[in-house]
Amino acid sequence: MVLKAVILAGGKGKKFGIAKKVLSKSLAPIGKIPLLKAVIDDFSENPEIDEIIVLAGHNKQIRNFVNWTRFKKPVIVSNVNRGVFGDLLSVKNRIGNEPFFVGSADNLVLAKFPTCEQFEKSGAWMVTA
């Protein structure tokens with residue numbers, strides 16, 4: 001099964017304080033790597049994910065970063081800015097009715113996700129890390 005991964009990256013970063021005026025929270029470096037790149041790279045390691053969709057909302061820094069950075073797998077950026085659910089609905093046609101992963105650009109969780117076969121055998125309907 002081929003899956004999509006959706007990364008939520010369109011938040012306003014209110015908890016990031018004054019720093020958000022200089023840099024989007026999801027572009028803050030962890031070591032020398034922007035947080036968003038680490039999340040995208042983590043999803044890229046999953047062989048069942050063929051495409052990553054970044055929901056950037058109003059954030060031009062995120063859109064520019066995604067458009068100008070090379071990744072291992074295709075990464076598409078969406079700039080709908082209708083809130084989390086509105087943005088997810090905007091990419092429904094691209095995802096279809098298949099299961100998909102959702103991650104957050106400002107929450108680094110480097111986890112080994114189960115394969116589709118492992119997930120289906122478990123009888124679960126959601127995987128969280």
# chains A, B, ... in the order shown; residues from 1 in each chain; ligands from 1

$ residues_around --residues "A:Ser90" --least-positions-apart "4" --cutoff "9 Å" --atoms "only C-alpha atoms" --output "list in words"
Ser78, Val80, Arg82, Phe85, Gly86 and Arg94 of chain A

$ write_last_selection --atoms "all heavy atoms" --output "CSV table (one decimal), in the first residue's frame"
chain,number,residue,atom,x,y,z
A,78,SER,N,1.0,23.1,0.6
A,78,SER,CA,-0.4,23.7,0.5
A,78,SER,C,-0.5,24.9,1.3
A,78,SER,O,-0.1,24.9,2.5
A,78,SER,CB,-1.4,22.6,0.9
A,78,SER,OG,-2.7,23.2,0.8
A,80,VAL,N,-3.5,26.8,1.9
A,80,VAL,CA,-4.9,27.1,1.9
A,80,VAL,C,-5.3,28.1,3.1
A,80,VAL,O,-6.1,29.0,2.9
A,80,VAL,CB,-5.8,25.8,2.0
A,80,VAL,CG1,-7.2,26.2,2.1
A,80,VAL,CG2,-5.5,25.0,0.7
A,82,ARG,N,-7.2,27.6,6.1
A,82,ARG,CA,-8.5,27.5,6.6
A,82,ARG,C,-8.6,26.8,7.9
A,82,ARG,O,-9.6,26.2,8.3
A,82,ARG,CB,-9.4,26.7,5.6
A,82,ARG,CG,-9.7,27.4,4.3
A,82,ARG,CD,-10.7,26.7,3.5
A,82,ARG,NE,-10.4,26.9,2.1
A,82,ARG,CZ,-10.6,25.9,1.2
A,82,ARG,NH1,-11.0,24.7,1.5
A,82,ARG,NH2,-10.3,26.2,-0.1
A,85,PHE,N,-8.6,21.6,10.0
A,85,PHE,CA,-9.6,20.7,9.3
A,85,PHE,C,-9.8,21.2,7.8
A,85,PHE,O,-10.0,20.4,6.9
A,85,PHE,CB,-10.9,20.6,10.1
A,85,PHE,CG,-10.6,19.8,11.3
A,85,PHE,CD1,-10.7,20.5,12.6
A,85,PHE,CD2,-10.3,18.5,11.3
A,85,PHE,CE1,-10.5,19.8,13.7
A,85,PHE,CE2,-10.0,17.8,12.5
A,85,PHE,CZ,-10.2,18.5,13.7
A,86,GLY,N,-9.9,22.5,7.7
A,86,GLY,CA,-10.1,23.1,6.3
A,86,GLY,C,-8.9,22.8,5.4
A,86,GLY,O,-9.1,22.4,4.3
A,94,ARG,N,-6.1,14.7,-3.2
A,94,ARG,CA,-4.8,14.2,-3.4
A,94,ARG,C,-4.6,12.9,-2.6
A,94,ARG,O,-3.9,12.0,-3.0
A,94,ARG,CB,-3.8,15.2,-3.0
A,94,ARG,CG,-2.4,14.8,-3.3
A,94,ARG,CD,-1.4,16.0,-3.2
A,94,ARG,NE,-0.3,15.8,-4.1
A,94,ARG,CZ,-0.2,16.1,-5.3
A,94,ARG,NH1,-1.1,16.8,-5.9
A,94,ARG,NH2,0.9,15.8,-6.0

$ select_by_dssp --residues "stretch 62-105 of chain A" --states "strand (DSSP E or B)" --output "JSON, numbers by chain"
{"A": [75, 76, 77, 78, 100, 101, 102, 103, 104]}

$ write_last_selection --atoms "N, CA, C and O atoms" --output "PDB file, in the first residue's frame"
ATOM      1  N   VAL A  75       7.751  16.358  -2.012  1.00  0.00           N
ATOM      2  CA  VAL A  75       7.113  17.136  -0.947  1.00  0.00           C
ATOM      3  C   VAL A  75       6.333  18.252  -1.616  1.00  0.00           C
ATOM      4  O   VAL A  75       6.864  19.027  -2.398  1.00  0.00           O
ATOM      5  N   ILE A  76       5.046  18.311  -1.297  1.00  0.00           N
ATOM      6  CA  ILE A  76       4.149  19.321  -1.853  1.00  0.00           C
ATOM      7  C   ILE A  76       3.745  20.240  -0.719  1.00  0.00           C
ATOM      8  O   ILE A  76       3.513  19.788   0.405  1.00  0.00           O
ATOM      9  N   VAL A  77       3.637  21.521  -0.992  1.00  0.00           N
ATOM     10  CA  VAL A  77       3.203  22.467   0.038  1.00  0.00           C
ATOM     11  C   VAL A  77       1.838  23.025  -0.346  1.00  0.00           C
ATOM     12  O   VAL A  77       1.569  23.313  -1.501  1.00  0.00           O
ATOM     13  N   SER A  78       0.954  23.111   0.648  1.00  0.00           N
ATOM     14  CA  SER A  78      -0.391  23.662   0.450  1.00  0.00           C
ATOM     15  C   SER A  78      -0.522  24.912   1.312  1.00  0.00           C
ATOM     16  O   SER A  78      -0.147  24.917   2.475  1.00  0.00           O
ATOM     17  N   PHE A 100      -3.712   7.688   5.926  1.00  0.00           N
ATOM     18  CA  PHE A 100      -2.556   8.558   5.763  1.00  0.00           C
ATOM     19  C   PHE A 100      -1.992   8.916   7.129  1.00  0.00           C
ATOM     20  O   PHE A 100      -2.667   8.794   8.143  1.00  0.00           O
ATOM     21  N   PHE A 101      -0.743   9.335   7.143  1.00  0.00           N
ATOM     22  CA  PHE A 101      -0.085   9.760   8.372  1.00  0.00           C
ATOM     23  C   PHE A 101      -0.272  11.259   8.542  1.00  0.00           C
ATOM     24  O   PHE A 101      -0.257  11.992   7.565  1.00  0.00           O
ATOM     25  N   VAL A 102      -0.385  11.717   9.772  1.00  0.00           N
ATOM     26  CA  VAL A 102      -0.408  13.143  10.082  1.00  0.00           C
ATOM     27  C   VAL A 102       0.657  13.398  11.131  1.00  0.00           C
ATOM     28  O   VAL A 102       0.735  12.688  12.135  1.00  0.00           O
ATOM     29  N   GLY A 103       1.466  14.395  10.880  1.00  0.00           N
ATOM     30  CA  GLY A 103       2.491  14.780  11.842  1.00  0.00           C
ATOM     31  C   GLY A 103       2.495  16.281  12.007  1.00  0.00           C
ATOM     32  O   GLY A 103       1.895  17.012  11.224  1.00  0.00           O
ATOM     33  N   SER A 104       3.185  16.741  13.016  1.00  0.00           N
ATOM     34  CA  SER A 104       3.286  18.165  13.296  1.00  0.00           C
ATOM     35  C   SER A 104       4.707  18.631  13.027  1.00  0.00           C
ATOM     36  O   SER A 104       5.668  17.967  13.402  1.00  0.00           O
TER      37      SER A 104
END

$ atom_distance --atom1 "atom CA of A:Ile49" --atom2 "atom CA of A:Ala5"
6.6 Å

$ residues_around --residues "stretch 27-38 of chain A" --least-positions-apart "5" --cutoff "8 Å" --atoms "only C-alpha atoms" --output "list of chain:residue names"
A:Ile62, A:Ala105, A:Asp106, A:Asn107, A:Leu108

$ write_last_selection --atoms "all heavy atoms" --output "short mmCIF file (atom, residue, chain, number, x, y, z; two decimals), in the first residue's frame"
data_model
loop_
_atom_site.label_atom_id
_atom_site.label_comp_id
_atom_site.auth_asym_id
_atom_site.auth_seq_id
_atom_site.Cartn_x
_atom_site.Cartn_y
_atom_site.Cartn_z
N ILE A 62 7.62 28.88 5.46
CA ILE A 62 7.50 27.42 5.29
C ILE A 62 7.41 27.09 3.81
O ILE A 62 8.09 26.19 3.32
CB ILE A 62 6.26 26.87 6.04
CG1 ILE A 62 6.37 27.14 7.53
CG2 ILE A 62 6.05 25.40 5.73
CD1 ILE A 62 7.44 26.39 8.24
N ALA A 105 4.84 19.79 12.40
CA ALA A 105 6.16 20.31 12.05
C ALA A 105 6.93 20.81 13.25
O ALA A 105 8.13 20.98 13.19
CB ALA A 105 6.02 21.43 11.03
N ASP A 106 6.25 21.06 14.36
CA ASP A 106 6.95 21.62 15.51
C ASP A 106 7.03 20.63 16.68
O ASP A 106 7.24 21.00 17.81
CB ASP A 106 6.30 22.92 15.96
CG ASP A 106 4.86 22.74 16.41
OD1 ASP A 106 4.35 21.61 16.35
OD2 ASP A 106 4.25 23.74 16.81
N ASN A 107 6.87 19.35 16.36
CA ASN A 107 6.93 18.33 17.39
C ASN A 107 7.76 17.18 16.86
O ASN A 107 7.28 16.35 16.11
CB ASN A 107 5.52 17.86 17.75
CG ASN A 107 5.49 17.00 18.97
OD1 ASN A 107 6.52 16.64 19.53
ND2 ASN A 107 4.30 16.64 19.40
N LEU A 108 9.02 17.16 17.25
CA LEU A 108 9.94 16.17 16.72
C LEU A 108 9.73 14.84 17.42
O LEU A 108 10.00 14.68 18.59
CB LEU A 108 11.38 16.63 16.92
CG LEU A 108 12.46 15.77 16.31
CD1 LEU A 108 12.27 15.64 14.80
CD2 LEU A 108 13.82 16.35 16.61
#

$ atom_distance --atom1 "atom CA of A:Leu23" --atom2 "atom CA of A:Glu45"
26.6 Å

$ closest_residue --among "A:Val39, A:Ile53, A:Val66, A:Leu89" --to "A:Leu3" --atoms "only C-alpha atoms"
A:Ile53
